[in-house]
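> Structure file run22.cif, mmCIF, C-alpha atoms, is pasted below:
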data_run
loop_
_atom_site.label_atom_id
_atom_site.label_comp_id
_atom_site.auth_asym_id
_atom_site.auth_seq_id
_atom_site.Cartn_x
_atom_site.Cartn_y
_atom_site.Cartn_z
CA MET C 154 -10.03 11.32 -6.70
CA ASP C 155 -13.12 10.53 -8.81
CA ASN C 156 -14.80 7.28 -7.80
CA ARG C 157 -16.50 6.89 -11.17
CA ASP C 158 -13.19 7.20 -13.00
CA GLU C 159 -11.65 4.65 -10.64
CA ILE C 160 -14.44 2.13 -11.33
CA ARG C 161 -14.07 2.62 -15.08
CA ASP C 162 -10.30 2.29 -15.13
CA PHE C 163 -10.23 -0.67 -12.75
CA LEU C 164 -12.77 -2.72 -14.71
CA ALA C 165 -11.17 -1.83 -18.05
CA SER C 166 -7.72 -2.82 -16.77
CA ARG C 167 -8.99 -6.19 -15.51
CA ARG C 168 -10.82 -6.85 -18.79
CA ALA C 169 -7.73 -6.03 -20.84
CA ARG C 170 -5.58 -8.67 -19.18
CA ILE C 171 -7.85 -11.68 -19.96
CA THR C 172 -7.60 -13.37 -23.34
CA PRO C 173 -10.65 -15.08 -24.88
CA GLN C 174 -8.85 -18.41 -24.50
CA GLN C 175 -8.40 -17.82 -20.78
CA ALA C 176 -12.13 -17.09 -20.52
CA GLY C 177 -13.04 -20.23 -22.48
CA LEU C 178 -14.17 -18.28 -25.57
CA ALA C 179 -13.21 -18.52 -29.22
CA PRO C 180 -10.65 -15.86 -30.33
CA GLY C 181 -13.28 -14.19 -32.50
CA GLY C 182 -11.03 -12.88 -35.27
CA ARG C 183 -8.82 -9.81 -35.30
CA ARG C 184 -8.94 -7.59 -32.21
CA ARG C 185 -8.11 -3.91 -32.00
CA VAL C 186 -7.43 -4.01 -28.27
CA PRO C 187 -6.03 -6.70 -25.93
CA GLY C 188 -8.23 -8.75 -23.70
CA LEU C 189 -11.96 -9.31 -23.70
CA ARG C 190 -14.54 -7.12 -25.40
CA ARG C 191 -17.27 -5.60 -23.27
CA GLU C 192 -19.90 -7.79 -24.89
CA GLU C 193 -17.89 -10.89 -24.00
CA VAL C 194 -17.69 -9.89 -20.34
CA ALA C 195 -21.43 -9.26 -20.43
CA VAL C 196 -22.08 -12.76 -21.77
CA LEU C 197 -19.81 -14.34 -19.17
CA ALA C 198 -21.52 -12.37 -16.39
CA GLY C 199 -25.04 -13.05 -17.66
CA VAL C 200 -25.99 -9.39 -18.17
CA SER C 201 -26.74 -7.27 -21.23
CA THR C 202 -23.95 -5.51 -23.10
CA ASP C 203 -25.61 -2.15 -22.51
CA TRP C 204 -25.80 -2.86 -18.79
CA TYR C 205 -22.13 -3.88 -18.53
CA THR C 206 -21.06 -0.90 -20.62
CA ARG C 207 -22.89 1.37 -18.23
CA LEU C 208 -21.22 -0.35 -15.27
CA GLU C 209 -17.76 0.04 -16.80
CA LYS C 210 -18.46 3.75 -17.23
CA GLY C 211 -18.71 3.97 -13.47
CA HIS C 212 -22.47 3.70 -12.92
CA ILE C 213 -22.28 1.22 -10.06
CA THR C 214 -24.75 2.69 -7.57
CA GLY C 215 -27.50 0.23 -6.72
CA VAL C 216 -25.86 -2.77 -8.38
CA SER C 217 -26.72 -5.96 -6.50
CA THR C 218 -24.23 -8.23 -4.75
CA ASP C 219 -25.14 -11.09 -7.09
CA VAL C 220 -24.33 -9.02 -10.17
CA LEU C 221 -21.05 -7.78 -8.73
CA ASN C 222 -20.09 -11.36 -7.94
CA ALA C 223 -20.97 -12.39 -11.50
CA VAL C 224 -18.79 -9.62 -12.93
CA ALA C 225 -15.97 -10.60 -10.56
CA ARG C 226 -16.17 -14.21 -11.81
CA ALA C 227 -16.25 -13.11 -15.44
CA LEU C 228 -13.15 -10.95 -14.95
CA GLN C 229 -11.44 -13.69 -12.88
CA LEU C 230 -10.78 -11.31 -9.99
CA ASP C 231 -8.75 -12.57 -7.07
CA ASP C 232 -9.80 -12.00 -3.45
CA ALA C 233 -8.13 -8.57 -3.23
CA GLU C 234 -9.63 -7.42 -6.53
CA ARG C 235 -13.07 -8.67 -5.62
CA ALA C 236 -12.92 -6.82 -2.30
CA HIS C 237 -11.75 -3.70 -4.16
CA LEU C 238 -14.73 -3.88 -6.54
CA PHE C 239 -17.12 -4.07 -3.59
CA ASP C 240 -15.30 -1.20 -1.87
CA LEU C 241 -15.76 0.92 -5.00
CA ALA C 242 -19.45 0.07 -5.10
CA ARG C 243 -19.85 0.87 -1.41
CA ALA C 244 -18.08 4.21 -1.75
CA ALA C 245 -20.21 5.16 -4.75
CA THR C 246 -23.37 4.38 -2.79
CA THR C 247 -22.55 5.82 0.62
CA GLY C 248 -20.22 8.72 -0.23
CA PRO C 249 -17.36 9.75 2.08
CA ALA C 250 -16.45 7.18 4.73
CA PRO C 251 -16.52 7.99 8.46
CA ARG C 252 -13.42 9.84 9.59
CA ARG C 253 -10.54 7.49 10.24
CA VAL C 254 -8.73 7.16 13.57
CA ARG C 255 -5.94 9.73 13.85
CA LYS C 256 -4.40 8.87 17.22
CA VAL C 257 -3.39 5.58 18.75
CA ARG C 258 -5.13 4.67 21.99
CA PRO C 259 -2.86 4.38 25.05
CA GLY C 260 -3.79 0.72 25.34
CA LEU C 261 -2.45 0.02 21.85
CA GLN C 262 0.82 1.76 22.65
CA ARG C 263 1.16 -0.29 25.84
CA MET C 264 0.58 -3.45 23.79
CA LEU C 265 3.33 -2.41 21.39
CA ASP C 266 5.73 -1.61 24.21
CA ALA C 267 5.09 -5.04 25.76
CA MET C 268 6.51 -6.63 22.59
CA THR C 269 10.20 -6.47 23.43
CA ASP C 270 11.65 -9.11 21.10
CA ALA C 271 9.99 -8.22 17.79
CA PRO C 272 9.69 -4.98 15.81
CA ALA C 273 6.06 -3.86 15.65
CA ILE C 274 4.41 -0.84 14.07
CA ILE C 275 0.91 0.52 13.62
CA ARG C 276 0.27 2.31 10.33
CA ASN C 277 -2.74 3.85 8.67
CA GLY C 278 -3.96 3.29 5.12
CA ARG C 279 -1.88 6.23 3.92
CA MET C 280 1.26 4.33 5.04
CA ASP C 281 2.02 6.74 7.89
CA ILE C 282 3.69 5.02 10.85
CA VAL C 283 1.49 6.29 13.68
CA ALA C 284 2.98 4.17 16.50
CA ALA C 285 5.79 1.68 17.10
CA ASN C 286 7.63 -0.15 19.83
CA ARG C 287 11.34 0.42 20.46
CA LEU C 288 12.45 -2.20 17.93
CA GLY C 289 9.94 -0.92 15.40
CA ARG C 290 11.30 2.62 15.68
CA ALA C 291 14.85 1.32 15.39
CA MET C 292 14.04 -0.85 12.39
CA TYR C 293 12.30 2.00 10.56
CA TRP C 294 14.87 4.59 11.67
CA PRO C 295 15.60 5.63 8.04
CA VAL C 296 11.89 6.35 7.49
CA TYR C 297 11.64 8.43 10.67
CA HIS C 298 14.73 10.38 9.58
CA ALA C 299 13.89 10.63 5.90
CA ARG C 300 15.73 13.19 3.82
CA ILE C 301 13.28 13.83 1.01
CA PRO C 302 14.26 16.50 -1.49
CA ALA C 303 11.92 19.41 -1.76
CA PRO C 304 10.91 20.02 -5.41
CA GLY C 305 13.90 21.58 -7.14
CA ARG C 306 16.11 21.38 -4.03
CA GLY C 307 18.48 19.00 -2.36
CA PRO C 308 17.64 16.51 0.41
CA ARG C 309 16.69 17.81 3.82
CA PRO C 310 15.24 16.14 6.92
CA ASP C 311 11.59 15.34 6.31
CA ALA C 312 10.80 16.27 9.92
CA ALA C 313 11.56 19.87 9.05
CA ARG C 314 8.52 19.84 6.77
CA SER C 315 6.22 18.60 9.55
CA GLN C 316 5.50 15.39 7.62
CA PRO C 317 4.68 12.13 9.43
CA ALA C 318 6.97 9.13 8.99
CA ASN C 319 5.51 7.78 5.76
CA ILE C 320 6.76 4.56 4.18
CA ALA C 321 5.53 5.41 0.68
CA ARG C 322 7.13 8.88 0.56
CA PHE C 323 10.41 7.45 1.86
CA GLN C 324 10.32 4.57 -0.61
CA PHE C 325 9.72 6.68 -3.71
CA LEU C 326 11.21 10.08 -2.90
CA ASP C 327 14.14 9.51 -0.53
CA PRO C 328 17.44 8.57 -2.25
CA ALA C 329 17.98 6.06 0.59
CA GLY C 330 14.79 4.15 -0.23
CA PRO C 331 16.36 1.63 -2.63
CA ASP C 332 19.10 0.88 -0.10
CA PHE C 333 16.63 0.12 2.68
CA PHE C 334 14.51 -2.14 0.44
CA PRO C 335 16.94 -4.47 -1.39
CA ASP C 336 14.11 -5.94 -3.51
CA TRP C 337 12.88 -2.43 -4.27
CA ASP C 338 10.69 -3.29 -7.26
CA SER C 339 8.68 -5.86 -5.33
CA ALA C 340 8.40 -3.62 -2.27
CA ALA C 341 7.30 -0.70 -4.43
CA ASP C 342 4.63 -2.84 -6.12
CA ILE C 343 3.24 -3.81 -2.70
CA THR C 344 3.17 -0.22 -1.44
CA VAL C 345 1.33 1.09 -4.49
CA ALA C 346 -1.15 -1.80 -4.38
CA LEU C 347 -1.86 -1.06 -0.71
CA LEU C 348 -2.43 2.62 -1.46
CA ARG C 349 -4.72 1.74 -4.38
CA THR C 350 -6.66 -0.62 -2.10
CA GLU C 351 -7.06 2.13 0.50
CA ALA C 352 -8.14 4.59 -2.17
CA GLY C 353 -10.94 2.19 -3.09
CA ARG C 354 -12.09 2.02 0.52
CA ASP C 355 -11.90 5.75 1.11
CA PRO C 356 -11.71 7.64 -2.21
CA TYR C 357 -12.70 10.96 -0.63
CA ASN C 358 -9.85 11.01 1.90
CA LYS C 359 -8.17 14.37 1.26
CA GLU C 360 -4.84 13.49 2.90
CA LEU C 361 -4.60 10.23 0.95
CA THR C 362 -5.44 12.01 -2.29
CA GLN C 363 -2.76 14.63 -1.60
CA LEU C 364 -0.14 11.94 -1.00
CA ILE C 365 -1.04 10.11 -4.20
CA GLY C 366 -0.93 13.39 -6.11
CA GLU C 367 2.49 14.24 -4.72
CA LEU C 368 3.92 10.82 -5.52
CA SER C 369 2.37 10.78 -9.00
CA THR C 370 3.85 14.19 -9.74
CA ARG C 371 7.33 13.53 -8.39
CA SER C 372 7.97 9.85 -9.14
CA ASP C 373 7.81 8.17 -12.55
CA ASP C 374 8.13 4.80 -10.78
CA PHE C 375 5.06 5.51 -8.69
CA ARG C 376 3.05 6.94 -11.56
CA GLY C 377 3.62 3.90 -13.78
CA ARG C 378 2.63 1.48 -11.02
CA TRP C 379 -0.42 3.54 -10.06
CA ALA C 380 -1.74 3.31 -13.62
CA GLN C 381 -1.78 -0.50 -13.39
CA HIS C 382 -4.67 -0.45 -10.86
CA ASN C 383 -3.27 -3.39 -8.90
CA VAL C 384 -4.60 -4.03 -5.39
CA ARG C 385 -3.50 -6.34 -2.58
CA LEU C 386 -4.53 -7.99 0.66
CA HIS C 387 -1.49 -7.77 2.92
CA HIS C 388 -1.64 -10.23 5.82
CA THR C 389 1.49 -12.38 5.94
CA GLY C 390 4.74 -12.88 4.09
CA THR C 391 8.49 -12.26 4.13
CA LYS C 392 10.36 -9.01 3.47
CA ALA C 393 14.01 -8.12 3.08
CA TYR C 394 15.59 -4.96 4.48
CA HIS C 395 19.06 -3.49 4.58
CA HIS C 396 19.36 -1.50 7.78
CA PRO C 397 22.07 1.20 7.77
CA ALA C 398 23.37 0.15 11.19
CA ILE C 399 22.59 -3.58 11.33
CA GLY C 400 22.86 -4.81 7.76
CA ASP C 401 20.62 -7.33 6.06
CA LEU C 402 17.37 -8.51 7.63
CA VAL C 403 14.97 -11.10 6.20
CA LEU C 404 11.86 -11.02 8.36
CA ASP C 405 8.50 -12.75 8.39
CA TYR C 406 5.56 -10.45 9.06
CA GLU C 407 2.01 -10.85 10.28
CA SER C 408 -0.29 -7.94 9.50
CA MET C 409 -3.83 -7.39 10.73
CA ASP C 410 -6.39 -4.61 10.61
CA LEU C 411 -7.46 -3.27 14.00
CA HIS C 412 -11.24 -3.46 13.77
CA ALA C 413 -11.74 -1.50 16.99
CA ASP C 414 -9.68 1.32 15.43
CA PRO C 415 -10.88 1.67 11.81
CA GLY C 416 -8.12 2.52 9.37
CA LEU C 417 -5.24 1.25 11.51
CA ASN C 418 -3.14 -1.84 10.85
CA LEU C 419 -0.73 -3.69 13.16
CA THR C 420 2.34 -5.40 11.68
CA VAL C 421 4.76 -7.54 13.70
CA TYR C 422 8.09 -8.77 12.33
CA THR C 423 9.93 -11.91 13.43
CA ALA C 424 12.91 -13.96 12.27
CA ALA C 425 13.20 -17.73 12.19
CA PRO C 426 15.38 -19.13 15.01
CA ASP C 427 19.04 -19.90 14.30
CA THR C 428 19.20 -17.62 11.27
CA PRO C 429 21.42 -14.59 10.59
CA SER C 430 18.34 -12.39 10.77
CA HIS C 431 17.48 -13.73 14.22
CA ASP C 432 20.94 -12.69 15.37
CA ALA C 433 20.52 -9.37 13.59
CA LEU C 434 17.37 -8.64 15.59
CA ARG C 435 19.43 -9.01 18.77
CA LEU C 436 21.89 -6.49 17.36
CA LEU C 437 18.97 -4.23 16.50
CA ALA C 438 17.79 -4.40 20.12
CA SER C 439 21.25 -3.36 21.31
CA TRP C 440 21.42 -0.59 18.75
CA ALA C 441 17.92 0.60 19.71
CA ALA C 442 19.14 1.19 23.23
CA THR C 443 21.70 3.66 21.90
CA LEU C 444 18.97 5.77 20.28
CA ASP C 445 18.02 7.04 23.73
CA ARG C 446 21.51 8.47 24.06
CA SER C 447 22.36 9.43 20.51
CA GLU C 448 19.95 10.86 17.97
CA ARG C 449 22.04 9.81 15.00
CA PRO C 450 24.65 7.04 15.23
CA HIS C 451 27.93 7.67 13.41
CA ASN C 452 27.47 4.98 10.74
CA ALA C 453 24.01 6.21 9.88
CA GLU C 454 25.29 9.78 9.65
CA ALA C 455 27.98 8.64 7.27
CA ARG C 456 25.40 6.88 5.13
CA HIS C 457 23.27 9.99 4.76
CA GLY C 458 26.26 12.22 4.33
#
Take the structure in this file and express it as structure tokens.


Amino acid sequence: MDNRDEIRDFLASRRARITPQQAGLAPGGRRRVPGLRREEVAVLAGVSTDWYTRLEKGHITGVSTDVLNAVARALQLDDAERAHLFDLARAATTGPAPRRVRKVRPGLQRMLDAMTDAPAIIRNGRMDIVAANRLGRAMYWPVYHARIPAPGRGPRPDAARSQPANIARFQFLDPAGPDFFPDWDSAADITVALLRTEAGRDPYNKELTQLIGELSTRSDDFRGRWAQHNVRLHHTGTKAYHHPAIGDLVLDYESMDLHADPGLNLTVYTAAPDTPSHDALRLLASWAATLDRSERPHNAEARHG
């Protein structure tokens, strides 16, 4: 993944979405392309047109914080987009990031296991689930047992290909993905935005680049979303799931980066009291206990055929 190309495409995509009226400018006659012209962004940011043109071509090394903030204001970037712009600048200046954490510390696993009433997972920026508690493993059972078709072949267990449990691959390549995520379009948008955000932080990550290449090659849905250059800060919200054994779940989540373990993120799911989803979590806990005795429950087997 070329960092200079990413800078160019990101800035151009943000510029294209802003009309002159939204920026407080006169329309300026007929326009060949949507959005602001480069010279208009330069005026709004208080820099020369030549300078902004050079920046949009990816020459971001050495650009000051004040100038980046001015460009962010001119392009009306939100918090996630602003952070992404600074990540791109940092990566262009410093080169490859320090190697990310690959294994979960025993203390983190003990923390997860102590959470007995709420599903919890730890994932990396590539969307691999690297650790989970019992409820987390039960909730994401379809991801752990993904049946992703090999190119030109039918579905087969993803574990046979020595692939980690990866939410993005399951979501876009497994035929069961749309069943597990009832609001699939929204969930897919979030996943791609998270991967794009991680690519800005660590554009030289070979494993991340390989995943993005695979998904871009094999999924039109992923490829179209990737081209939009959307990014996201993912801290709290509500998600809907349809579990093959439990049924519908609507869960609140709290997500936080683990600063002592760079590259890892903890997400905990809960349900509001006295709701069907709260009762469903109790069923999930009972079902999770059966996983110790049965690798594949009958109803899940039937679902996968």

> Rounded to one decimal place, report the CA of Ala393 in chain C-CA of Tyr293 in chain C distance in Å.

12.7 Å

> By how many Å are CA of Asp270 in chain C and CA of Asp405 in chain C apart?

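Spanning CA of Asp270 in chain C to CA of Asp405 in chain C is a straight-line distance of 13.6 Å.
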
> Would you kindly return, as number ranges by chain, each protein, DNA or RNA residue with an atom no farther than 7 Å from any atom of range 190-203 of chain C, considering all atoms listed in the file and excluding same-chain residues fewer than 3 positions away?

C: 206-207, 223-224, 227

> Exactly which residues make up the result of the PyMOL selection byres ((chain C and resi 233-236) around 12) on this file, given as a ChimeraX atom specification?

/C:160,163-164,166-167,218,221-232,237-243,346-347,349-351,353-354,382-388

> I want to know what sits within 6 Å of Phe334 in chain C, based on only C-alpha atoms, with residues of the same chain fewer than 3 positions away left out; could you give that as a list in words?

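Non-adjacent residues within range: Pro331, Trp337 and Tyr394 of chain C.
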
> Please enumerate the residues selected by the PyMOL selection byres ((chain C and resi 297) around 10) when evaluated against the supplied file, formatted as a ChimeraX atom specification.

/C:282,290-296,298-300,310-312,316-320,323

> Counting only C-alpha atoms, figure out which residue out of C:Ile399, C:Ala271, C:Leu178, C:Met409 gets nearest to Ala285 in chain C.

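Between C:Ile399, C:Ala271, C:Leu178, C:Met409, the residue approaching Ala285 in chain C most closely is C:Ala271.
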
> Identify which of the residues C:Pro173, C:Gly330, C:Gly390, C:Gly211 lies closest to Arg161 in chain C, counting only C-alpha atoms when measuring atom-to-atom distances.

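Distance minimum relative to Arg161 in chain C lands on C:Gly211.
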
> If the PyMOL selection byres ((chain C and resi 361-367) around 12) were run on this exact file, what residues would it hold? Put them as JSON, numbers by chain.

{"C": [154, 155, 156, 253, 277, 278, 279, 280, 281, 303, 304, 316, 317, 319, 320, 321, 322, 323, 325, 326, 344, 345, 346, 347, 348, 349, 350, 351, 352, 353, 354, 355, 356, 357, 358, 359, 360, 368, 369, 370, 371, 372, 373, 375, 376, 378, 379, 380, 416]}

> So how far away is CA of Asp342 in chain C from CA of Tyr205 in chain C, in Å?

29.5 Å

> Quick one: everything within 12 Å of Pro335 in chain C, counting all atoms listed in the file, minus sequence neighbours fewer than 4 positions away in the same chain. Send it as a list in words.

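So, after excluding close chain neighbours, the residues are Gln324, Ala329, Gly330, Pro331, Ser339, Ala340, Ala341, Lys392, Ala393, Tyr394, His395, His396, Pro397, Gly400, Asp401, Leu402 and Val403 of chain C.
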
> Which residue gives the smallest distance to Asn418 in chain C among C:Val257, C:Ile301, C:Leu437, C:Leu189, with all atoms listed in the file counted?

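Nearest to Asn418 in chain C: C:Val257.
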